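Q: Sharing upload-v3.tsv below, TSV, C-alpha atoms and all ligand atoms:
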```tsv
chain	number	residue	atom	x	y	z
L	133	MET	CA	-3.83	-2.45	-24.43
L	134	ALA	CA	-4.43	-0.97	-20.99
L	135	ILE	CA	-3.59	-1.66	-17.37
L	136	LEU	CA	-6.62	-1.76	-15.07
L	137	VAL	CA	-5.86	-0.09	-11.73
L	138	THR	CA	-8.44	-1.06	-9.10
L	139	GLY	CA	-8.50	1.42	-6.21
L	140	GLY	CA	-6.55	3.88	-8.36
L	141	ALA	CA	-7.97	6.92	-6.55
L	142	GLY	CA	-6.49	5.71	-3.24
L	143	TYR	CA	-3.16	6.58	-1.64
L	144	ILE	CA	-0.88	4.02	-3.29
L	145	GLY	CA	-3.06	3.56	-6.38
L	146	SER	CA	-2.94	7.27	-7.27
L	147	HIS	CA	0.86	7.43	-7.00
L	148	THR	CA	1.21	4.25	-9.06
L	149	SER	CA	-1.19	5.63	-11.69
L	150	VAL	CA	1.02	8.72	-12.01
L	151	GLU	CA	4.13	6.59	-12.54
L	152	LEU	CA	2.35	4.34	-15.05
L	153	LEU	CA	1.12	7.33	-17.07
L	154	GLU	CA	4.53	8.95	-16.94
L	155	CYS	CA	6.11	5.91	-18.45
L	156	GLY	CA	3.61	5.91	-21.29
L	157	GLU	CA	1.26	3.18	-20.12
L	158	ASP	CA	-2.41	3.40	-20.97
L	159	ILE	CA	-4.48	2.98	-17.80
L	160	VAL	CA	-8.10	2.50	-16.77
L	161	ILE	CA	-9.03	3.21	-13.15
L	162	VAL	CA	-11.93	1.70	-11.24
L	163	ASP	CA	-12.80	3.01	-7.77
L	164	ASN	CA	-15.97	3.40	-5.70
L	165	PHE	CA	-14.53	6.27	-3.58
L	166	SER	CA	-15.22	4.36	-0.36
L	167	ASN	CA	-11.89	5.74	0.91
L	168	SER	CA	-10.96	8.42	-1.62
L	169	SER	CA	-12.44	11.28	-3.59
L	170	PRO	CA	-12.92	12.23	-7.25
L	171	GLU	CA	-10.54	15.22	-7.00
L	172	VAL	CA	-7.64	12.78	-6.86
L	173	LEU	CA	-8.33	11.85	-10.49
L	174	GLU	CA	-8.01	15.50	-11.52
L	175	LYS	CA	-4.74	15.74	-9.60
L	176	ILE	CA	-3.35	12.70	-11.41
L	177	LYS	CA	-4.20	14.42	-14.71
L	178	GLU	CA	-2.66	17.69	-13.52
L	179	ILE	CA	0.62	16.02	-12.51
L	180	THR	CA	1.00	13.95	-15.66
L	181	GLY	CA	-0.79	16.09	-18.25
L	182	LYS	CA	-2.36	12.84	-19.41
L	183	ASP	CA	-5.90	11.57	-19.59
L	184	PHE	CA	-7.27	8.12	-18.78
L	185	LYS	CA	-10.57	6.30	-18.53
L	186	PHE	CA	-12.30	6.09	-15.17
L	187	TYR	CA	-15.21	3.98	-13.93
L	188	GLU	CA	-16.95	4.76	-10.66
L	189	ALA	CA	-17.87	1.22	-9.68
L	190	ASP	CA	-17.59	-1.34	-6.94
L	191	ILE	CA	-15.38	-4.29	-7.83
L	192	LEU	CA	-18.04	-6.49	-6.19
L	193	ASP	CA	-20.45	-5.47	-8.94
L	194	LYS	CA	-19.90	-8.11	-11.58
L	195	GLU	CA	-21.90	-6.34	-14.28
L	196	SER	CA	-19.80	-3.20	-13.98
L	197	MET	CA	-16.58	-5.20	-13.97
L	198	ASP	CA	-17.74	-7.09	-17.05
L	199	LYS	CA	-18.50	-3.78	-18.77
L	200	ILE	CA	-15.00	-2.49	-18.04
L	201	PHE	CA	-13.39	-5.56	-19.57
L	202	LYS	CA	-15.81	-5.52	-22.52
L	203	GLU	CA	-15.13	-1.86	-23.31
L	204	ASN	CA	-11.35	-1.98	-22.85
L	205	ASP	CA	-8.58	-4.27	-23.91
L	206	ILE	CA	-7.15	-4.99	-20.45
L	207	GLU	CA	-3.69	-6.54	-20.53
L	208	ALA	CA	-3.03	-6.67	-16.78
L	209	VAL	CA	-4.57	-5.64	-13.48
L	210	ILE	CA	-2.88	-3.86	-10.57
L	211	HIS	CA	-5.23	-4.63	-7.72
L	212	PHE	CA	-5.25	-2.08	-4.88
L	213	ALA	CA	-8.98	-1.92	-4.13
L	214	GLY	CA	-9.77	-3.12	-0.63
L	215	PHE	CA	-10.25	-2.06	2.96
L	216	LYS	CA	-7.02	-1.64	4.94
L	217	ALA	CA	-7.56	-0.65	8.57
L	218	VAL	CA	-6.38	-3.36	10.94
L	219	GLY	CA	-8.39	-2.16	13.96
L	220	GLU	CA	-11.57	-1.62	11.98
L	221	SER	CA	-11.28	-5.12	10.53
L	222	VAL	CA	-11.57	-6.55	14.04
L	223	GLN	CA	-14.85	-4.63	14.50
L	224	LYS	CA	-16.19	-5.35	11.00
L	225	PRO	CA	-14.81	-8.72	9.87
L	226	ILE	CA	-17.73	-9.52	7.57
L	227	GLN	CA	-17.32	-6.27	5.63
L	228	TYR	CA	-13.56	-6.90	5.34
L	229	TYR	CA	-13.92	-10.48	4.13
L	230	THR	CA	-16.65	-9.45	1.70
L	231	ASN	CA	-14.93	-6.43	0.22
L	232	ASN	CA	-11.41	-7.83	0.03
L	233	ILE	CA	-12.03	-11.48	-0.76
L	234	SER	CA	-15.34	-11.46	-2.64
L	235	GLY	CA	-14.15	-8.37	-4.53
L	236	THR	CA	-11.01	-10.19	-5.64
L	237	LEU	CA	-13.02	-13.27	-6.63
L	238	VAL	CA	-15.32	-11.19	-8.84
L	239	LEU	CA	-12.27	-9.55	-10.41
L	240	LEU	CA	-10.53	-12.88	-11.07
L	241	ASP	CA	-13.65	-14.39	-12.54
L	242	VAL	CA	-14.06	-11.53	-15.01
L	243	MET	CA	-10.32	-11.56	-15.80
L	244	LYS	CA	-10.58	-15.24	-16.71
L	245	LYS	CA	-13.62	-14.63	-18.87
L	246	TYR	CA	-11.74	-12.00	-20.88
L	247	ASN	CA	-8.51	-13.98	-20.95
L	248	CYS	CA	-6.61	-11.38	-18.90
L	249	LYS	CA	-4.01	-13.33	-16.95
L	250	LYS	CA	-1.60	-10.87	-15.39
L	251	ILE	CA	-2.23	-9.53	-11.90
L	252	ILE	CA	-0.15	-7.53	-9.41
L	253	PHE	CA	-1.60	-7.77	-5.91
L	254	SER	CA	-1.21	-5.44	-2.89
L	255	SER	CA	-0.35	-7.61	0.07
L	256	THR	CA	1.19	-6.54	3.35
L	257	ALA	CA	4.03	-7.25	5.74
L	258	THR	CA	1.32	-7.93	8.31
L	259	VAL	CA	1.12	-11.48	6.89
L	260	TYR	CA	4.38	-12.21	8.75
L	261	GLY	CA	2.65	-11.64	12.12
L	262	SER	CA	5.30	-11.05	14.79
L	263	PRO	CA	8.49	-12.11	13.05
L	264	LYS	CA	10.96	-13.93	15.31
L	265	ILE	CA	13.95	-12.56	13.43
L	266	VAL	CA	14.64	-9.56	11.23
L	267	PRO	CA	15.12	-8.69	8.43
L	268	VAL	CA	12.03	-10.47	7.16
L	269	LYS	CA	12.37	-12.70	4.10
L	270	GLU	CA	9.59	-13.81	1.77
L	271	ASP	CA	9.88	-17.47	2.80
L	272	PHE	CA	9.34	-16.77	6.50
L	273	GLU	CA	6.45	-18.43	8.26
L	274	LEU	CA	3.16	-16.57	7.82
L	275	HIS	CA	0.81	-15.82	10.65
L	276	THR	CA	-2.08	-13.39	10.79
L	277	GLU	CA	-3.50	-11.63	13.80
L	278	SER	CA	-6.38	-9.61	12.36
L	279	PRO	CA	-9.21	-10.17	9.87
L	280	TYR	CA	-7.53	-7.63	7.58
L	281	ALA	CA	-4.26	-9.59	7.50
L	282	THR	CA	-6.21	-12.83	7.03
L	283	THR	CA	-7.99	-11.42	3.97
L	284	LYS	CA	-4.61	-10.62	2.41
L	285	LEU	CA	-3.18	-14.04	3.19
L	286	MET	CA	-6.29	-15.75	1.86
L	287	ILE	CA	-6.07	-13.76	-1.37
L	288	GLU	CA	-2.40	-14.76	-1.74
L	289	LYS	CA	-3.56	-18.40	-1.47
L	290	ILE	CA	-6.43	-17.87	-3.91
L	291	LEU	CA	-4.00	-16.40	-6.45
L	292	GLN	CA	-1.69	-19.39	-6.00
L	293	ASP	CA	-4.63	-21.76	-6.64
L	294	VAL	CA	-5.69	-19.79	-9.70
L	295	TYR	CA	-2.19	-20.20	-11.11
L	296	THR	CA	-2.13	-23.91	-10.25
L	297	SER	CA	-5.35	-24.37	-12.20
L	298	ASP	CA	-4.15	-22.27	-15.14
L	299	ASN	CA	-0.40	-21.99	-15.71
L	300	ASP	CA	-0.89	-19.11	-18.14
L	301	PHE	CA	-1.34	-16.73	-15.21
L	302	SER	CA	1.38	-14.30	-14.09
L	303	VAL	CA	0.84	-13.32	-10.49
L	304	VAL	CA	3.06	-10.89	-8.62
L	305	VAL	CA	2.32	-10.48	-4.92
L	306	LEU	CA	3.87	-7.39	-3.32
L	307	ARG	CA	4.15	-7.30	0.46
L	308	TYR	CA	4.38	-3.64	1.42
L	309	PHE	CA	6.12	-2.48	4.58
L	310	ASN	CA	5.11	0.99	5.89
L	311	PRO	CA	4.39	3.43	3.06
L	312	ILE	CA	4.63	7.14	3.94
L	313	GLY	CA	5.48	10.31	2.01
L	314	ALA	CA	3.67	11.85	-0.91
L	315	HIS	CA	4.21	13.03	-4.46
L	316	LYS	CA	6.74	15.89	-4.76
L	317	THR	CA	4.07	18.26	-6.08
L	318	GLY	CA	2.05	17.88	-2.88
L	319	LEU	CA	-1.01	17.29	-5.06
L	320	ILE	CA	-1.60	13.70	-3.97
L	321	GLY	CA	-0.84	11.97	-0.68
L	322	GLU	CA	-2.53	10.29	2.24
L	323	LYS	CA	-5.40	12.05	3.99
L	324	PRO	CA	-7.02	9.75	6.53
L	325	ASN	CA	-10.50	10.52	7.85
L	326	GLY	CA	-10.78	11.18	11.59
L	327	ILE	CA	-8.04	10.37	14.09
L	328	PRO	CA	-5.11	8.74	12.27
L	329	ASN	CA	-4.04	5.26	13.37
L	330	ASN	CA	-0.69	5.36	11.66
L	331	LEU	CA	2.38	7.22	12.82
L	332	MET	CA	3.16	9.64	9.99
L	333	PRO	CA	-0.37	11.00	9.48
L	334	TYR	CA	-0.54	11.55	13.25
L	335	ILE	CA	2.78	13.42	13.26
L	336	THR	CA	1.70	15.67	10.38
L	337	GLN	CA	-1.53	16.49	12.24
L	338	VAL	CA	0.49	17.44	15.33
L	339	ALA	CA	2.69	19.61	13.11
L	340	ALA	CA	-0.43	21.22	11.66
L	341	GLY	CA	-1.81	21.96	15.11
L	342	ILE	CA	-4.80	19.64	14.61
L	343	ARG	CA	-3.62	17.36	17.44
L	344	GLU	CA	-1.82	18.58	20.53
L	345	GLN	CA	0.81	15.89	20.87
L	346	LEU	CA	1.90	12.51	19.60
L	347	ASN	CA	1.33	9.50	21.83
L	348	VAL	CA	4.39	7.31	21.51
L	349	PHE	CA	3.08	3.82	22.15
L	350	GLY	CA	5.67	2.43	24.56
L	351	ASN	CA	9.41	3.00	25.10
L	352	ASP	CA	10.18	-0.30	26.79
L	353	TYR	CA	10.51	-2.50	23.70
L	354	ASP	CA	13.68	-4.43	23.05
L	355	THR	CA	14.87	-1.92	20.44
L	356	PRO	CA	17.77	0.61	20.49
L	357	ASP	CA	15.69	3.44	22.01
L	358	GLY	CA	12.81	1.33	23.35
L	359	THR	CA	10.24	2.54	20.77
L	360	GLY	CA	8.83	0.41	17.93
L	361	VAL	CA	10.95	-0.06	14.80
L	362	ARG	CA	9.47	-0.23	11.29
L	363	ASP	CA	10.56	-0.16	7.67
L	364	TYR	CA	9.13	3.10	6.29
L	365	ILE	CA	9.12	3.34	2.52
L	366	HIS	CA	8.42	6.36	0.31
L	367	VAL	CA	5.15	5.83	-1.56
L	368	VAL	CA	6.81	6.83	-4.85
L	369	ASP	CA	9.48	4.12	-4.41
L	370	LEU	CA	6.68	1.68	-3.61
L	371	SER	CA	4.80	2.75	-6.74
L	372	LEU	CA	7.89	2.25	-8.90
L	373	GLY	CA	8.03	-1.30	-7.56
L	374	HIS	CA	4.71	-1.92	-9.31
L	375	LEU	CA	6.19	-0.92	-12.66
L	376	LYS	CA	8.97	-3.46	-12.14
L	377	ALA	CA	6.40	-6.06	-11.09
L	378	LEU	CA	4.47	-5.37	-14.28
L	379	GLU	CA	7.63	-5.95	-16.33
L	380	LYS	CA	8.08	-9.26	-14.53
L	381	ALA	CA	4.47	-10.33	-15.18
L	382	ARG	CA	4.93	-9.47	-18.85
L	383	LYS	CA	7.93	-11.70	-19.26
L	384	GLU	CA	7.22	-14.58	-16.93
L	385	LYS	CA	4.31	-16.78	-15.90
L	386	GLY	CA	4.00	-18.12	-12.36
L	387	VAL	CA	3.55	-16.72	-8.87
L	388	ASN	CA	6.25	-14.42	-7.53
L	389	ILE	CA	6.20	-12.80	-4.10
L	390	TYR	CA	8.31	-9.79	-3.10
L	391	ASN	CA	8.84	-7.63	-0.05
L	392	LEU	CA	8.75	-3.94	-0.87
L	393	GLY	CA	10.68	-2.18	1.87
L	394	THR	CA	13.95	-0.30	2.25
L	395	GLY	CA	15.65	-2.84	4.51
L	396	ILE	CA	16.22	-0.13	7.13
L	397	GLY	CA	14.40	0.03	10.45
L	398	TYR	CA	13.60	3.36	12.10
L	399	SER	CA	12.16	3.84	15.57
L	400	VAL	CA	9.25	6.12	16.40
L	401	LEU	CA	11.68	8.62	17.92
L	402	ASP	CA	13.96	8.45	14.85
L	403	ILE	CA	10.97	9.50	12.75
L	404	VAL	CA	10.03	12.29	15.13
L	405	LYS	CA	13.61	13.61	15.07
L	406	ALA	CA	13.95	13.37	11.28
L	407	PHE	CA	10.60	15.14	10.83
L	408	GLU	CA	11.60	17.94	13.22
L	409	LYS	CA	14.97	18.41	11.55
L	410	VAL	CA	13.90	18.54	7.89
L	411	ASN	CA	10.75	20.57	8.48
L	412	ASN	CA	12.01	22.71	11.32
L	413	ILE	CA	8.90	22.06	13.43
L	414	GLU	CA	8.80	20.75	16.96
L	415	ILE	CA	6.67	17.64	17.47
L	416	LYS	CA	5.44	17.42	21.06
L	417	TYR	CA	5.11	13.87	22.29
L	418	VAL	CA	4.37	11.85	25.41
L	419	ILE	CA	5.22	8.25	26.10
L	420	THR	CA	2.09	6.19	26.69
L	421	ASP	CA	1.31	2.49	27.10
L	422	ARG	CA	2.08	0.04	24.34
L	423	ARG	CA	-0.65	-0.31	21.69
L	424	PRO	CA	-2.14	-3.80	21.95
L	425	GLY	CA	-1.08	-6.02	19.06
L	426	ASP	CA	2.05	-3.99	18.17
L	427	VAL	CA	5.32	-5.80	17.56
L	428	ALA	CA	8.66	-4.42	18.68
L	429	MET	CA	10.55	-4.45	15.42
L	430	TYR	CA	10.28	-5.50	11.84
L	431	TYR	CA	11.91	-4.48	8.61
L	432	ALA	CA	12.27	-6.08	5.21
L	433	ASP	CA	14.98	-7.99	3.50
L	434	PRO	CA	14.42	-6.41	0.06
L	435	GLN	CA	17.12	-8.50	-1.66
L	436	LYS	CA	14.75	-10.67	-3.69
L	437	ALA	CA	13.07	-7.63	-5.28
L	438	LYS	CA	16.51	-6.20	-6.04
L	439	GLU	CA	17.78	-9.37	-7.69
L	440	GLU	CA	14.66	-10.45	-9.55
L	441	LEU	CA	12.91	-7.14	-10.30
L	442	GLY	CA	15.90	-4.81	-10.38
L	443	TRP	CA	14.09	-2.61	-7.85
L	444	ILE	CA	15.43	-0.77	-4.83
L	445	ALA	CA	14.02	2.08	-2.75
L	446	THR	CA	16.12	5.23	-3.22
L	447	ARG	CA	14.26	7.92	-1.23
L	448	ASP	CA	15.51	8.36	2.34
L	449	ILE	CA	13.74	9.13	5.59
L	450	ASP	CA	14.35	12.89	5.27
L	451	GLU	CA	12.63	12.95	1.90
L	452	MET	CA	9.73	10.91	3.29
L	453	CYS	CA	9.26	13.37	6.18
L	454	LYS	CA	9.59	16.39	3.89
L	455	ASP	CA	7.09	15.14	1.32
L	456	SER	CA	4.57	14.03	3.97
L	457	TRP	CA	4.57	17.53	5.47
L	458	ASN	CA	4.50	19.28	2.09
L	459	PHE	CA	1.33	17.36	1.17
L	460	THR	CA	-0.35	17.99	4.54
L	461	LYS	CA	0.44	21.72	4.44
L	462	LYS	CA	-1.09	22.06	0.99
L	463	ASN	CA	-4.17	19.99	1.80
L	464	MET	CA	-5.24	21.05	5.30
L	501	LIG	P1	-6.63	3.40	0.12
L	501	LIG	O1	-7.78	3.13	0.99
L	501	LIG	O2	-6.10	4.78	0.06
L	501	LIG	O3	-6.97	2.94	-1.39
L	501	LIG	C1	-7.84	1.91	-1.69
L	501	LIG	C2	-8.79	2.40	-2.76
L	501	LIG	O4	-9.68	1.34	-3.12
L	501	LIG	C3	-9.65	3.57	-2.29
L	501	LIG	O5	-9.64	4.60	-3.26
L	501	LIG	C4	-11.05	2.97	-2.16
L	501	LIG	O6	-12.07	3.91	-2.44
L	501	LIG	C5	-11.01	1.84	-3.19
L	501	LIG	N1	-11.89	0.70	-2.92
L	501	LIG	C6	-12.02	0.00	-1.77
L	501	LIG	N2	-12.92	-0.98	-1.92
L	501	LIG	C7	-13.37	-0.90	-3.19
L	501	LIG	C8	-14.31	-1.65	-3.96
L	501	LIG	N3	-15.00	-2.65	-3.44
L	501	LIG	N4	-14.53	-1.29	-5.26
L	501	LIG	C9	-13.85	-0.24	-5.80
L	501	LIG	N5	-12.94	0.49	-5.12
L	501	LIG	C10	-12.72	0.16	-3.84
L	501	LIG	O7	-5.48	2.38	0.52
L	501	LIG	P2	-3.95	2.35	0.10
L	501	LIG	O8	-3.14	2.77	1.27
L	501	LIG	O9	-3.76	3.04	-1.19
L	501	LIG	O10	-3.75	0.79	-0.07
L	501	LIG	C11	-3.91	0.15	-1.32
L	501	LIG	C12	-3.81	-1.34	-1.12
L	501	LIG	O11	-2.57	-1.65	-0.51
L	501	LIG	C13	-4.90	-1.92	-0.20
L	501	LIG	O12	-5.30	-3.15	-0.73
L	501	LIG	C14	-4.18	-2.09	1.12
L	501	LIG	O13	-4.73	-3.13	1.87
L	501	LIG	C15	-2.77	-2.43	0.66
L	501	LIG	N6	-1.76	-2.07	1.65
L	501	LIG	C16	-1.68	-0.79	2.14
L	501	LIG	C17	-0.74	-0.47	3.10
L	501	LIG	C18	-0.65	0.93	3.65
L	501	LIG	O14	-0.01	1.12	4.67
L	501	LIG	N7	-1.23	1.95	3.04
L	501	LIG	C19	0.15	-1.43	3.58
L	501	LIG	C20	0.07	-2.72	3.05
L	501	LIG	C21	-0.90	-3.03	2.09
L	502	LIG	C1	0.04	-0.72	10.82
L	502	LIG	C2	-0.77	-1.96	10.56
L	502	LIG	C3	-0.27	-2.66	9.31
L	502	LIG	C4	-0.20	-1.71	8.13
L	502	LIG	C5	0.66	-0.52	8.53
L	502	LIG	C6	0.79	0.52	7.46
L	502	LIG	C7	-1.41	-2.68	12.81
L	502	LIG	C8	-1.23	-3.73	13.87
L	502	LIG	N1	-0.68	-2.85	11.71
L	502	LIG	O1	1.34	-1.16	11.09
L	502	LIG	O2	-1.12	-3.72	8.99
L	502	LIG	O3	0.36	-2.38	7.02
L	502	LIG	O4	0.06	0.10	9.67
L	502	LIG	O5	-0.45	1.08	7.16
L	502	LIG	O6	-2.18	-1.73	12.95
L	502	LIG	N2	2.91	4.67	16.74
L	502	LIG	C9	2.94	5.54	17.82
L	502	LIG	N3	1.96	6.49	17.92
L	502	LIG	C10	0.96	6.62	17.01
L	502	LIG	C11	0.93	5.72	15.89
L	502	LIG	C12	1.92	4.76	15.81
L	502	LIG	O7	3.83	5.46	18.67
L	502	LIG	O8	0.09	7.48	17.16
L	502	LIG	C13	3.98	3.67	16.61
L	502	LIG	C14	3.49	2.23	16.63
L	502	LIG	O9	3.44	1.72	17.92
L	502	LIG	C15	4.56	1.55	15.77
L	502	LIG	C16	4.96	2.65	14.77
L	502	LIG	O10	4.57	3.88	15.36
L	502	LIG	O11	5.67	1.22	16.52
L	502	LIG	C17	4.29	2.51	13.41
L	502	LIG	O12	2.89	2.43	13.59
L	502	LIG	P1	1.87	2.44	12.36
L	502	LIG	O13	2.16	3.60	11.47
L	502	LIG	O14	0.50	2.33	12.92
L	502	LIG	O15	2.26	1.14	11.53
L	502	LIG	P2	2.33	-0.41	12.00
L	502	LIG	O16	1.91	-0.55	13.40
L	502	LIG	O17	3.65	-0.91	11.61
```
Spell out the structure here as structure tokens.
Ligand code: NAD
Ligand code: UD1
A:
Amino acid sequence: MAILVTGGAGYIGSHTSVELLECGEDIVIVDNFSNSSPEVLEKIKEITGKDFKFYEADILDKESMDKIFKENDIEAVIHFAGFKAVGESVQKPIQYYTNNISGTLVLLDVMKKYNCKKIIFSSTATVYGSPKIVPVKEDFELHTESPYATTKLMIEKILQDVYTSDNDFSVVVLRYFNPIGAHKTGLIGEKPNGIPNNLMPYITQVAAGIREQLNVFGNDYDTPDGTGVRDYIHVVDLSLGHLKALEKARKEKGVNIYNLGTGIGYSVLDIVKAFEKVNNIEIKYVITDRRPGDVAMYYADPQKAKEELGWIATRDIDEMCKDSWNFTKKNM
């Protein structure tokens, strides 16, 4: 039996595919390359020395999805495919609702038809909105502030309803904090198109000389050094969380929700300093206005994932900064 990885050519999907293959799982990837490229599949093979089946298809295309389930014995789905840019979702809400929600509905419909009832879903810490207290626990109030976040919250609710209607389902919802870093080999990582929105890709582009300086969005927040605090997690640790989630889905039915974060908050300037130290490169920065919609500080309480999945993040901020730069250097 195989694990279907939707969006497996993407940033988190490719790292998770590597870990799945390395632990002997049989995988099938489906991706339409809307935010990735075919070379990633070759890199996954190069890292693992293993082969897997791939379908270039849109998860919205029911016929293609049906074909995948007909041709393969799919035991479980790890569902990464979706659009993920918060700002873009405000400009293009219809595309975001269609791709993320309709795509998931097509997937669930086909899963049901083929009696595949285990799903691991990529959710986000953005569903907590602006948390009043930190660290953030899974039972905190949920509040979304962008179409992107709303799609994720709606999918969480859809998955809950699917389970309510059919108690044979095993649903694991993973709320990611801020994934950064890359595979040790530097063969796979995150390569955003155009001007990066997120902190680490921006820093690596400054280090590479592609951008002149980092704009630090505000230093007047109520945080230790005034800059925004986040829970950055190494993408390989995050990927390993999916293997633990899969174990959980295999042994237990129901809906389980977990934060995947380190539990440690770092400020923008902490990240700049760590990056400079481990890579021996100066990162020029200027303090600018706050970015609209940003919150001062949030980081995870990862205790539930530790207790129930036996998962903890082990890679520290230095390793995250080192691996992010190693990937960028090799893929400029
Ligand atoms: P990504 O864009 O790198 O990967 C998503 C992959 O899905 C891409 O390869 C893309 O081509 C594919 N895809 C998108 N729509 C598709 C469709 N309709 N049919 C087939 N393939 C499709 O993103 P990522 O960073 O790897 O994120 C993976 C998931 O995790 C997403 O659902 C994202 O919303 C969620 N997430 C990401 C972050 C983050 O910071 N990266 C944080 C929280 C949650
Ligand atoms: C953003 C998304 C979130 C997503 C996450 C990881 C928003 C509102 N939220 O979160 O949904 O899950 O990315 O992909 O967009 N910063 C700078 N200069 C920069 C870029 C960022 O100072 O050029 C600061 C930000 O103000 C923030 C921190 O760095 O304090 C992290 O920013 P970013 O990497 O964009 O992540 P989030 O804002 O946490």
Q: Pull the neighbourhood of (10.3, -3.3, 19.7) for me: all residues within 6 Å in file coordinates, counting only C-alpha atoms, as an MDAnalysis selection string.
A: chainID L and resid 353:355 359:361 427:429
Q: Using only C-alpha atoms and all ligand atoms, which residue out of L:Lys175, L:Lys185, L:Lys323, L:Lys245 lies closest to ligand LIG 501 (chain L)?
A: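 Selected residue with least distance to ligand LIG 501 (chain L): L:Lys323.
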Q: L:Pro225: which residues within 9 Å, counting all atoms listed in the file, same-chain residues fewer than 5 positions away excluded, as a list in words?
A: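 Returned residues: Glu220, Thr230, Ser278, Pro279 and Tyr280 of chain L.
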Q: To check your reading of the model: which residues sit at most 7 Å from ligand LIG 501 (chain L) when counting all atoms listed in the file? Write the answer as a VMD selection string.
A: chain L and resid 138 to 145 162 to 168 189 to 192 212 to 216 231 235 254 to 257 307 to 311 322
Q: Find the residue from L:Ser262, L:Gln292, L:Ser302, L:Thr446 that sits nearest to ligand LIG 502 (chain L); use only C-alpha atoms and all ligand atoms when measuring.
A: L:Ser262
Q: Which residue gives the smallest distance to L:Thr394 among L:Gly321, L:Asn411, L:Thr283, L:Val268, with all atoms listed in the file counted?
A: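 Ranking L:Gly321, L:Asn411, L:Thr283, L:Val268 by distance to L:Thr394, first place goes to L:Val268.
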Q: Per residue of chain L within 6 Å of ligand LIG 502 (chain L), record the nearest atom pair and its distance in Å to one decimal, counting only C-alpha atoms and all ligand atoms, with rows in chain order and ascending residue number, as JSON lines.
A:
```
{"residue": "L:Val218", "atom": "CA", "partner": "L:LIG502", "partner_atom": "O6", "distance": 4.9}
{"residue": "L:Thr256", "atom": "CA", "partner": "L:LIG502", "partner_atom": "O3", "distance": 5.6}
{"residue": "L:Thr258", "atom": "CA", "partner": "L:LIG502", "partner_atom": "O2", "distance": 4.9}
{"residue": "L:Asn310", "atom": "CA", "partner": "L:LIG502", "partner_atom": "C6", "distance": 4.6}
{"residue": "L:Asn329", "atom": "CA", "partner": "L:LIG502", "partner_atom": "O14", "distance": 5.4}
{"residue": "L:Asn330", "atom": "CA", "partner": "L:LIG502", "partner_atom": "O13", "distance": 3.4}
{"residue": "L:Leu331", "atom": "CA", "partner": "L:LIG502", "partner_atom": "C11", "distance": 3.7}
{"residue": "L:Tyr334", "atom": "CA", "partner": "L:LIG502", "partner_atom": "O8", "distance": 5.7}
{"residue": "L:Leu346", "atom": "CA", "partner": "L:LIG502", "partner_atom": "O8", "distance": 5.9}
{"residue": "L:Asn347", "atom": "CA", "partner": "L:LIG502", "partner_atom": "N3", "distance": 5.0}
{"residue": "L:Val348", "atom": "CA", "partner": "L:LIG502", "partner_atom": "O7", "distance": 3.4}
{"residue": "L:Phe349", "atom": "CA", "partner": "L:LIG502", "partner_atom": "O7", "distance": 3.9}
{"residue": "L:Gly360", "atom": "CA", "partner": "L:LIG502", "partner_atom": "O11", "distance": 3.6}
{"residue": "L:Val361", "atom": "CA", "partner": "L:LIG502", "partner_atom": "O11", "distance": 5.7}
{"residue": "L:Arg362", "atom": "CA", "partner": "L:LIG502", "partner_atom": "O17", "distance": 5.9}
{"residue": "L:Val400", "atom": "CA", "partner": "L:LIG502", "partner_atom": "O10", "distance": 5.3}
{"residue": "L:Arg423", "atom": "CA", "partner": "L:LIG502", "partner_atom": "O9", "distance": 5.9}
{"residue": "L:Gly425", "atom": "CA", "partner": "L:LIG502", "partner_atom": "C8", "distance": 5.7}
{"residue": "L:Asp426", "atom": "CA", "partner": "L:LIG502", "partner_atom": "C8", "distance": 5.4}
```
Q: List the spatial neighbours of L:Ala381 as a short mmCIF file (atom, residue, chain, number, x, y, z; two decimals) with C-alpha atoms, keeping the file's coordinate frame - criterion: any atom at most 8 Å away, only C-alpha atoms, same-chain residues fewer than 3 positions off excluded.
A:
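The resulting file, part10.cif, is shown below:
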```cif
data_model
loop_
_atom_site.label_atom_id
_atom_site.label_comp_id
_atom_site.auth_asym_id
_atom_site.auth_seq_id
_atom_site.Cartn_x
_atom_site.Cartn_y
_atom_site.Cartn_z
CA LYS L 250 -1.60 -10.87 -15.39
CA ILE L 251 -2.23 -9.53 -11.90
CA ILE L 252 -0.15 -7.53 -9.41
CA SER L 302 1.38 -14.30 -14.09
CA VAL L 303 0.84 -13.32 -10.49
CA VAL L 304 3.06 -10.89 -8.62
CA ALA L 377 6.40 -6.06 -11.09
CA LEU L 378 4.47 -5.37 -14.28
CA GLU L 384 7.22 -14.58 -16.93
CA LYS L 385 4.31 -16.78 -15.90
#
```
Q: My list of candidates is L:Phe301, L:Phe184, L:Tyr229, L:Tyr295. Which is closest to L:Glu207 when distances are computed with all atoms listed in the file?
A: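 Checking each candidate against L:Glu207, we get L:Phe301 as the closest.
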Q: Would you work out the distance separating atom CA of L:His211 from atom CA of L:Thr236, expressed in Å to one decimal?
A: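 Computed distance, atom CA of L:His211 to atom CA of L:Thr236, equals 8.3 Å.
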Q: Just give me the gap between atom CA of L:Thr317 and atom CA of L:Gln337 in Å, one decimal is fine.
A: 19.2 Å
Q: Please, what distance in Å, to one decimal, runs between atom CA of L:Val387 and atom CA of L:Ala217?
A: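 Going from atom CA of L:Val387 over to atom CA of L:Ala217 covers 26.2 Å.
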Q: Using only C-alpha atoms, determine which residues lie at most 12 Å from L:Lys177, disregarding the query and same-chain residues fewer than 5 positions distant; provide the list as JSON, numbers by chain.
A: {"L": [141, 146, 147, 149, 150, 151, 153, 154, 159, 170, 171, 172, 182, 183, 184, 185, 186, 319, 320]}
